[in-house]
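> Next up is a structure, given as structure tokens.
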Amino acid sequence: VVAFILFSAWSVGYTSRSEFCNSCHEMTPMYQTWQTSSHKGVACYDCHSEPGVKGLVKAKINGLREVYVHMT
């Protein structure tokens, strides 16, 4: 149980990094544009999710849905 909680917490943090967004080849052009823009200091997650725990949960569920659609 402890290992699951630690892994889940690490996963949420890791998948919230802007660099993680670039791990999908579909995102490469947008990521490269973001890197050269004036917004490069703002994380993708800051604009593409709602604030708070509810926004975090919604963003992660949406991300899992997109992975499922991509894989199937």
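If you're wondering about the labels, chains in the structure tokens are A, B, ... by order shown, residues count from 1 in each chain, ligands from 1 in order shown.
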I want to know what sits within 12 Å of segment 18-28 of chain A, based on only C-alpha atoms, with residues of the same chain fewer than 3 positions away left out; could you give that as a tab-separated table (two decimals) with N, CA and C atoms, in the first residue's frame?

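Result file follows (around-v1.tsv):
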```tsv
chain	number	residue	atom	x	y	z
A	11	SER	N	4.29	9.49	-9.84
A	11	SER	CA	3.72	9.51	-11.19
A	11	SER	C	2.99	10.83	-11.47
A	12	VAL	N	2.23	11.30	-10.52
A	12	VAL	CA	1.52	12.57	-10.69
A	12	VAL	C	2.52	13.70	-10.91
A	13	GLY	N	3.56	13.74	-10.11
A	13	GLY	CA	4.58	14.78	-10.27
A	13	GLY	C	5.31	14.69	-11.60
A	14	TYR	N	5.68	13.47	-11.98
A	14	TYR	CA	6.42	13.27	-13.22
A	14	TYR	C	5.59	13.63	-14.44
A	15	THR	N	4.35	13.22	-14.46
A	15	THR	CA	3.49	13.48	-15.62
A	15	THR	C	2.99	14.91	-15.67
A	31	TYR	N	5.54	21.51	-28.50
A	31	TYR	CA	6.56	21.64	-27.46
A	31	TYR	C	7.71	22.52	-27.94
A	32	GLN	N	8.15	22.31	-29.18
A	32	GLN	CA	9.25	23.10	-29.73
A	32	GLN	C	8.86	24.58	-29.84
A	33	THR	N	7.63	24.84	-30.23
A	33	THR	CA	7.15	26.22	-30.31
A	33	THR	C	7.10	26.83	-28.92
A	34	TRP	N	6.62	26.07	-27.94
A	34	TRP	CA	6.56	26.56	-26.56
A	34	TRP	C	7.95	26.90	-26.03
A	35	GLN	N	8.94	26.06	-26.35
A	35	GLN	CA	10.31	26.28	-25.86
A	35	GLN	C	10.90	27.60	-26.35
A	39	HIS	N	6.46	32.20	-23.28
A	39	HIS	CA	5.78	31.44	-22.22
A	39	HIS	C	6.59	30.24	-21.73
A	40	LYS	N	7.82	30.11	-22.15
A	40	LYS	CA	8.60	28.92	-21.80
A	40	LYS	C	8.81	28.76	-20.30
A	41	GLY	N	8.62	29.81	-19.54
A	41	GLY	CA	8.75	29.72	-18.09
A	41	GLY	C	7.48	29.24	-17.40
A	42	VAL	N	6.41	29.06	-18.17
A	42	VAL	CA	5.13	28.61	-17.63
A	42	VAL	C	4.93	27.15	-18.02
A	43	ALA	N	4.70	26.30	-17.06
A	43	ALA	CA	4.51	24.88	-17.33
A	43	ALA	C	3.23	24.64	-18.11
A	44	CYS	N	3.26	23.65	-19.00
A	44	CYS	CA	2.08	23.28	-19.79
A	44	CYS	C	0.89	23.05	-18.87
A	45	TYR	N	1.16	22.37	-17.78
A	45	TYR	CA	0.11	21.99	-16.84
A	45	TYR	C	-0.60	23.21	-16.24
A	46	ASP	N	0.12	24.32	-16.10
A	46	ASP	CA	-0.48	25.52	-15.50
A	46	ASP	C	-1.64	26.06	-16.33
A	47	CYS	N	-1.56	25.93	-17.64
A	47	CYS	CA	-2.62	26.44	-18.51
A	47	CYS	C	-3.61	25.37	-18.97
A	48	HIS	N	-3.16	24.13	-18.96
A	48	HIS	CA	-3.99	23.06	-19.52
A	48	HIS	C	-4.66	22.19	-18.46
A	63	GLY	N	-5.90	12.64	-19.37
A	63	GLY	CA	-4.65	12.12	-19.92
A	63	GLY	C	-4.70	10.61	-20.11
A	66	GLU	N	-6.75	9.88	-23.15
A	66	GLU	CA	-6.01	10.12	-24.39
A	66	GLU	C	-5.00	9.01	-24.67
A	67	VAL	N	-4.36	8.49	-23.65
A	67	VAL	CA	-3.44	7.37	-23.83
A	67	VAL	C	-4.21	6.14	-24.34
A	70	HIS	N	-5.16	6.67	-27.97
A	70	HIS	CA	-3.96	6.57	-28.80
A	70	HIS	C	-3.54	5.11	-28.98
A	71	MET	N	-3.59	4.35	-27.91
A	71	MET	CA	-3.12	2.96	-27.97
A	71	MET	C	-4.11	2.03	-28.67
```
> Output as a ChimeraX atom specification all residues of segment 9-71 of chain A that backbone DSSP marks as alpha helix (DSSP H).
/A:9-15,18-21,28-35,44-47,52-71
> Can you work out the spacing between atom CA of Val53 of chain A and atom CA of Ser8 of chain A in Å, to one decimal?
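Calculated distance between atom CA of Val53 of chain A and atom CA of Ser8 of chain A is 14.4 Å.
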> How many Å lie between atom CA of Lys60 of chain A and atom CA of Val1 of chain A, rounded to one decimal?
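Atom CA of Lys60 of chain A sits 20.5 Å away from atom CA of Val1 of chain A.
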> Any idea what the distance is between atom CA of Ile61 of chain A and atom CA of Ala9 of chain A?
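According to the coordinates, atom CA of Ile61 of chain A and atom CA of Ala9 of chain A are separated by 14.9 Å.
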> Out of A:Val2, A:Thr36, A:Met30, A:Asn62, which residue has the shortest atom-to-atom distance to Ser49 of chain A when counting only C-alpha atoms?
A:Asn62
